[in-house]
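Data block below; observations after.
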Amino acid sequence: MSEDIKKFMFVNTKAPYGTVYALESLEVVLISAAFDQDVSIAFCDDGVFQISNNQNAEASGMKNFSNAYKALGDYDINKLYVEKESLEERGLTLDNLMDLTYEDEDDDWAEKPSIKLVSRAELADLMDEQDVVISS
Amino acid sequence: MAMLHTVNKSPFERNSLNSCLTKSKEGSSILLIEDAVVGALKGTVMADKLTAAIANKNVYVLGSDLNTRGFTEAEILDGIKIVDYSGFVDLVAEHSNVQSWL
């Protein structure tokens, strides 16, 4: 059956909360996890803000959905590519992002980081390798 | 009386904050809300333009929208003031007119 597994990449380019794209993308990602495909997620442009840490929606009365990204590792979605240039343009570093991890079943369930920092050129190569790319 | 400008889109995605900065007059006020709050962060490609604006305009950011996106006062440019919802209302009341940059 392995020939039926396709490489899916969800490309997030928009900031969360101001529009509904980030939340909708996350929901589609979680649904896709049920179909045993090779799923990765890219965060570039304003999409990097989706996984900023310390999100606190209490005062704005919105739904803080950032904790759902922490569950991705449990759904075997552990390739989260973050574009380095996008962080730099926004004055951010990896320290501004949530600590997203997964447990590696091939390595005695060792906890490993899901976030992989990639350059713009590397992200272009990764997109080129996919069978399906879904952008939002 | 001076005008209040509100901006609600990220300056990294849209040009509305840039347009606002070039078309707002000295002494006017600019309030960053919703996704525009990320434009107030230190160290971004927008920082120089915001810093120039702060010299002769009042720049504000809505604190609750900033916190929602994971940021606090420590991470925004010096000279940008944080307001809450009642401060937003005060700004609207204190200015002659409001222009919403969408």
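Starting from 1 in every chain, residues are counted up; chains themselves are A, B, ... following the order of the structure tokens, and ligands are numbered from 1 as listed.
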
Considering only C-alpha atoms, give me a table of residues in chain A that are at most 8 Å from chain B, with the closest atom pair and distance in Å for each, as a tab-separated table.
```
residue	atom	partner	partner_atom	distance
A:Ala15	CA	B:Asp35	CA	6.6
A:Pro16	CA	B:Arg69	CA	7.4
A:Tyr17	CA	B:Asp35	CA	7.3
A:Gly18	CA	B:Asp35	CA	5.1
A:Asp45	CA	B:Phe12	CA	7.5
A:Asp46	CA	B:Phe12	CA	6.9
A:Phe49	CA	B:Arg69	CA	7.1
A:Gln50	CA	B:Arg69	CA	7.9
A:Ser52	CA	B:Gly70	CA	5.9
A:Asn53	CA	B:Gly70	CA	5.5
A:Asn54	CA	B:Gly70	CA	4.5
A:Gln55	CA	B:Gly70	CA	3.6
A:Asn56	CA	B:Thr68	CA	4.4
A:Ala57	CA	B:Thr68	CA	4.1
A:Glu58	CA	B:Thr68	CA	7.3
A:Ala59	CA	B:Ser64	CA	5.1
A:Ser60	CA	B:Ser64	CA	5.1
A:Met62	CA	B:Thr68	CA	7.9
A:Asn64	CA	B:Thr68	CA	7.4
A:Glu88	CA	B:Thr44	CA	7.2
A:Glu89	CA	B:Thr44	CA	5.2
A:Arg90	CA	B:Thr44	CA	4.3
A:Gly91	CA	B:Gly43	CA	4.2
A:Leu92	CA	B:Gly43	CA	7.8
```

Go ahead and dump the residues you just picked, N, CA and C atoms, as a short mmCIF file (atom, residue, chain, number, x, y, z; two decimals), in the first residue's frame.
```cif
data_model
loop_
_atom_site.label_atom_id
_atom_site.label_comp_id
_atom_site.auth_asym_id
_atom_site.auth_seq_id
_atom_site.Cartn_x
_atom_site.Cartn_y
_atom_site.Cartn_z
N ALA A 15 -1.33 35.49 9.30
CA ALA A 15 -1.35 35.64 10.76
C ALA A 15 -2.66 35.05 11.31
N PRO A 16 -2.62 34.55 12.56
CA PRO A 16 -3.84 34.01 13.15
C PRO A 16 -4.76 35.11 13.65
N TYR A 17 -6.01 34.78 13.89
CA TYR A 17 -7.02 35.63 14.55
C TYR A 17 -7.65 36.70 13.66
N GLY A 18 -6.84 37.45 12.89
CA GLY A 18 -7.42 38.52 12.06
C GLY A 18 -8.29 37.98 10.95
N ASP A 45 6.05 33.63 5.64
CA ASP A 45 5.41 34.96 5.67
C ASP A 45 4.75 35.15 7.05
N ASP A 46 3.53 35.73 7.10
CA ASP A 46 2.90 35.96 8.40
C ASP A 46 2.43 34.66 9.06
N PHE A 49 3.52 33.64 12.65
CA PHE A 49 2.85 34.12 13.87
C PHE A 49 1.86 33.09 14.43
N GLN A 50 1.46 32.12 13.60
CA GLN A 50 0.49 31.12 14.07
C GLN A 50 1.03 30.31 15.24
N SER A 52 3.50 31.40 17.42
CA SER A 52 4.20 32.19 18.43
C SER A 52 3.76 31.73 19.82
N ASN A 53 4.68 31.77 20.77
CA ASN A 53 4.35 31.27 22.10
C ASN A 53 3.63 32.34 22.92
N ASN A 54 3.12 31.94 24.06
CA ASN A 54 2.45 32.85 25.01
C ASN A 54 1.21 33.54 24.44
N GLN A 55 0.52 32.92 23.49
CA GLN A 55 -0.71 33.53 22.98
C GLN A 55 -1.75 33.55 24.11
N ASN A 56 -2.35 34.72 24.32
CA ASN A 56 -3.30 34.89 25.42
C ASN A 56 -4.51 35.68 24.91
N ALA A 57 -5.59 34.97 24.61
CA ALA A 57 -6.75 35.60 23.99
C ALA A 57 -7.81 36.04 25.00
N GLU A 58 -7.43 35.99 26.27
CA GLU A 58 -8.41 36.27 27.32
C GLU A 58 -9.09 37.64 27.13
N ALA A 59 -8.26 38.67 26.98
CA ALA A 59 -8.81 40.03 26.92
C ALA A 59 -9.58 40.30 25.62
N SER A 60 -9.19 39.64 24.55
CA SER A 60 -9.87 39.90 23.28
C SER A 60 -11.13 39.05 23.12
N MET A 62 -11.36 36.07 22.10
CA MET A 62 -11.32 35.13 20.98
C MET A 62 -10.94 33.75 21.49
N ASN A 64 -8.40 30.93 21.76
CA ASN A 64 -6.97 30.65 21.59
C ASN A 64 -6.82 29.20 21.16
N GLU A 88 13.09 36.47 10.50
CA GLU A 88 13.99 37.63 10.59
C GLU A 88 13.30 38.92 10.19
N GLU A 89 12.51 38.87 9.13
CA GLU A 89 11.81 40.08 8.67
C GLU A 89 10.85 40.61 9.73
N ARG A 90 10.40 39.72 10.61
CA ARG A 90 9.42 40.09 11.64
C ARG A 90 10.04 40.25 13.02
N GLY A 91 11.38 40.30 13.09
CA GLY A 91 12.06 40.50 14.36
C GLY A 91 11.93 39.32 15.30
N LEU A 92 11.69 38.12 14.77
CA LEU A 92 11.47 36.94 15.60
C LEU A 92 12.64 35.97 15.51
#
```

Exercise. Would you please work out which residue, of A:Val39, A:Ala71, A:Leu97, A:Ala34, is nearest to Phe10 of chain A when using only C-alpha atoms?
Key: A:Val39

Practice problem: Mind listing the alpha helix (DSSP H) residues of chain A, per DSSP on the backbone, as number ranges by chain? | Solution: A: 21-32, 84-89, 120-128

Exercise. Would you mind listing what lies within 9 Å of Leu21 of chain B as a PyMOL selection string, with only C-alpha atoms counted and same-chain residues fewer than 5 positions away left out?
Key: chain B and resi 16+30+49-50+53

Exercise. Select from chain B everything DSSP, run on the backbone, classes as strand (DSSP E), then give the selection as a PyMOL selection string.
Key: chain B and resi 3-7+29-32+58-62+81-83+97-101

Let's have the selection written as an mmCIF file, in the first residue's frame, with N, CA and C atoms.
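The resulting file, out_15.cif, is reproduced below:
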```
data_model
loop_
_atom_site.group_PDB
_atom_site.id
_atom_site.type_symbol
_atom_site.label_atom_id
_atom_site.label_comp_id
_atom_site.auth_asym_id
_atom_site.auth_seq_id
_atom_site.Cartn_x
_atom_site.Cartn_y
_atom_site.Cartn_z
ATOM 1 N N MET B 3 -6.781 63.798 13.428
ATOM 2 C CA MET B 3 -7.511 62.610 12.998
ATOM 3 C C MET B 3 -6.924 61.346 13.647
ATOM 4 N N LEU B 4 -7.805 60.383 13.876
ATOM 5 C CA LEU B 4 -7.364 59.051 14.330
ATOM 6 C C LEU B 4 -7.402 58.095 13.140
ATOM 7 N N HIS B 5 -6.285 57.397 12.930
ATOM 8 C CA HIS B 5 -6.212 56.394 11.868
ATOM 9 C C HIS B 5 -6.166 55.010 12.513
ATOM 10 N N THR B 6 -7.016 54.107 12.072
ATOM 11 C CA THR B 6 -6.891 52.725 12.548
ATOM 12 C C THR B 6 -6.427 51.845 11.382
ATOM 13 N N VAL B 7 -5.550 50.885 11.709
ATOM 14 C CA VAL B 7 -5.031 49.946 10.709
ATOM 15 C C VAL B 7 -5.249 48.545 11.269
ATOM 16 N N SER B 29 -3.051 60.624 15.129
ATOM 17 C CA SER B 29 -2.824 59.396 15.891
ATOM 18 C C SER B 29 -3.085 58.179 15.028
ATOM 19 N N ILE B 30 -2.293 57.143 15.276
ATOM 20 C CA ILE B 30 -2.427 55.885 14.532
ATOM 21 C C ILE B 30 -2.596 54.764 15.549
ATOM 22 N N LEU B 31 -3.663 53.994 15.399
ATOM 23 C CA LEU B 31 -3.928 52.877 16.315
ATOM 24 C C LEU B 31 -3.873 51.567 15.536
ATOM 25 N N LEU B 32 -2.990 50.676 15.964
ATOM 26 C CA LEU B 32 -2.839 49.369 15.320
ATOM 27 C C LEU B 32 -3.725 48.357 16.037
ATOM 28 N N ASN B 58 1.213 60.238 17.214
ATOM 29 C CA ASN B 58 0.967 59.349 18.350
ATOM 30 C C ASN B 58 0.640 57.964 17.806
ATOM 31 N N VAL B 59 1.415 56.975 18.210
ATOM 32 C CA VAL B 59 1.162 55.618 17.723
ATOM 33 C C VAL B 59 0.744 54.745 18.895
ATOM 34 N N TYR B 60 -0.366 54.051 18.717
ATOM 35 C CA TYR B 60 -0.928 53.193 19.760
ATOM 36 C C TYR B 60 -1.112 51.779 19.220
ATOM 37 N N VAL B 61 -1.157 50.813 20.141
ATOM 38 C CA VAL B 61 -1.480 49.444 19.755
ATOM 39 C C VAL B 61 -2.505 48.906 20.755
ATOM 40 N N LEU B 62 -3.458 48.143 20.259
ATOM 41 C CA LEU B 62 -4.495 47.595 21.138
ATOM 42 C C LEU B 62 -3.922 46.383 21.889
ATOM 43 N N LYS B 81 2.384 53.406 22.413
ATOM 44 C CA LYS B 81 1.627 53.264 23.652
ATOM 45 C C LYS B 81 0.563 52.170 23.524
ATOM 46 N N ILE B 82 0.360 51.444 24.614
ATOM 47 C CA ILE B 82 -0.655 50.385 24.622
ATOM 48 C C ILE B 82 -1.963 50.938 25.166
ATOM 49 N N VAL B 83 -3.063 50.632 24.491
ATOM 50 C CA VAL B 83 -4.381 51.013 25.005
ATOM 51 C C VAL B 83 -5.249 49.768 25.132
ATOM 52 N N ASN B 97 -12.116 62.858 13.784
ATOM 53 C CA ASN B 97 -12.602 61.954 12.746
ATOM 54 C C ASN B 97 -11.768 60.678 12.816
ATOM 55 N N VAL B 98 -12.335 59.588 12.328
ATOM 56 C CA VAL B 98 -11.593 58.326 12.302
ATOM 57 C C VAL B 98 -11.505 57.833 10.866
ATOM 58 N N GLN B 99 -10.284 57.505 10.466
ATOM 59 C CA GLN B 99 -10.116 56.885 9.149
ATOM 60 C C GLN B 99 -9.651 55.451 9.340
ATOM 61 N N SER B 100 -10.414 54.516 8.796
ATOM 62 C CA SER B 100 -10.058 53.091 8.905
ATOM 63 C C SER B 100 -9.334 52.650 7.648
ATOM 64 N N TRP B 101 -8.088 52.268 7.822
ATOM 65 C CA TRP B 101 -7.298 51.751 6.690
ATOM 66 C C TRP B 101 -7.502 50.252 6.637
#
```

Name all residues at most 9 Å from Leu117 of chain A (count only C-alpha atoms; drop same-chain ones fewer than 3 positions away) and give them as a CSV table (one decimal) with N, CA and C atoms, in the first residue's frame.
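As written to disk, result-v9.csv reads:
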```csv
chain,number,residue,atom,x,y,z
A,80,LEU,N,7.4,20.2,10.8
A,80,LEU,CA,6.9,21.6,10.8
A,80,LEU,C,8.1,22.5,10.3
A,81,TYR,N,8.0,22.9,9.1
A,81,TYR,CA,9.1,23.7,8.5
A,81,TYR,C,8.8,25.2,8.7
A,82,VAL,N,9.8,25.9,9.3
A,82,VAL,CA,9.6,27.4,9.6
A,82,VAL,C,10.7,28.1,8.7
A,83,GLU,N,10.2,29.1,8.0
A,83,GLU,CA,11.1,29.8,7.1
A,83,GLU,C,11.9,30.8,7.8
A,84,LYS,N,13.2,30.7,7.8
A,84,LYS,CA,14.1,31.6,8.6
A,84,LYS,C,14.0,33.0,8.2
A,94,LEU,N,13.6,31.6,16.9
A,94,LEU,CA,12.9,30.4,17.4
A,94,LEU,C,12.4,30.5,18.8
```
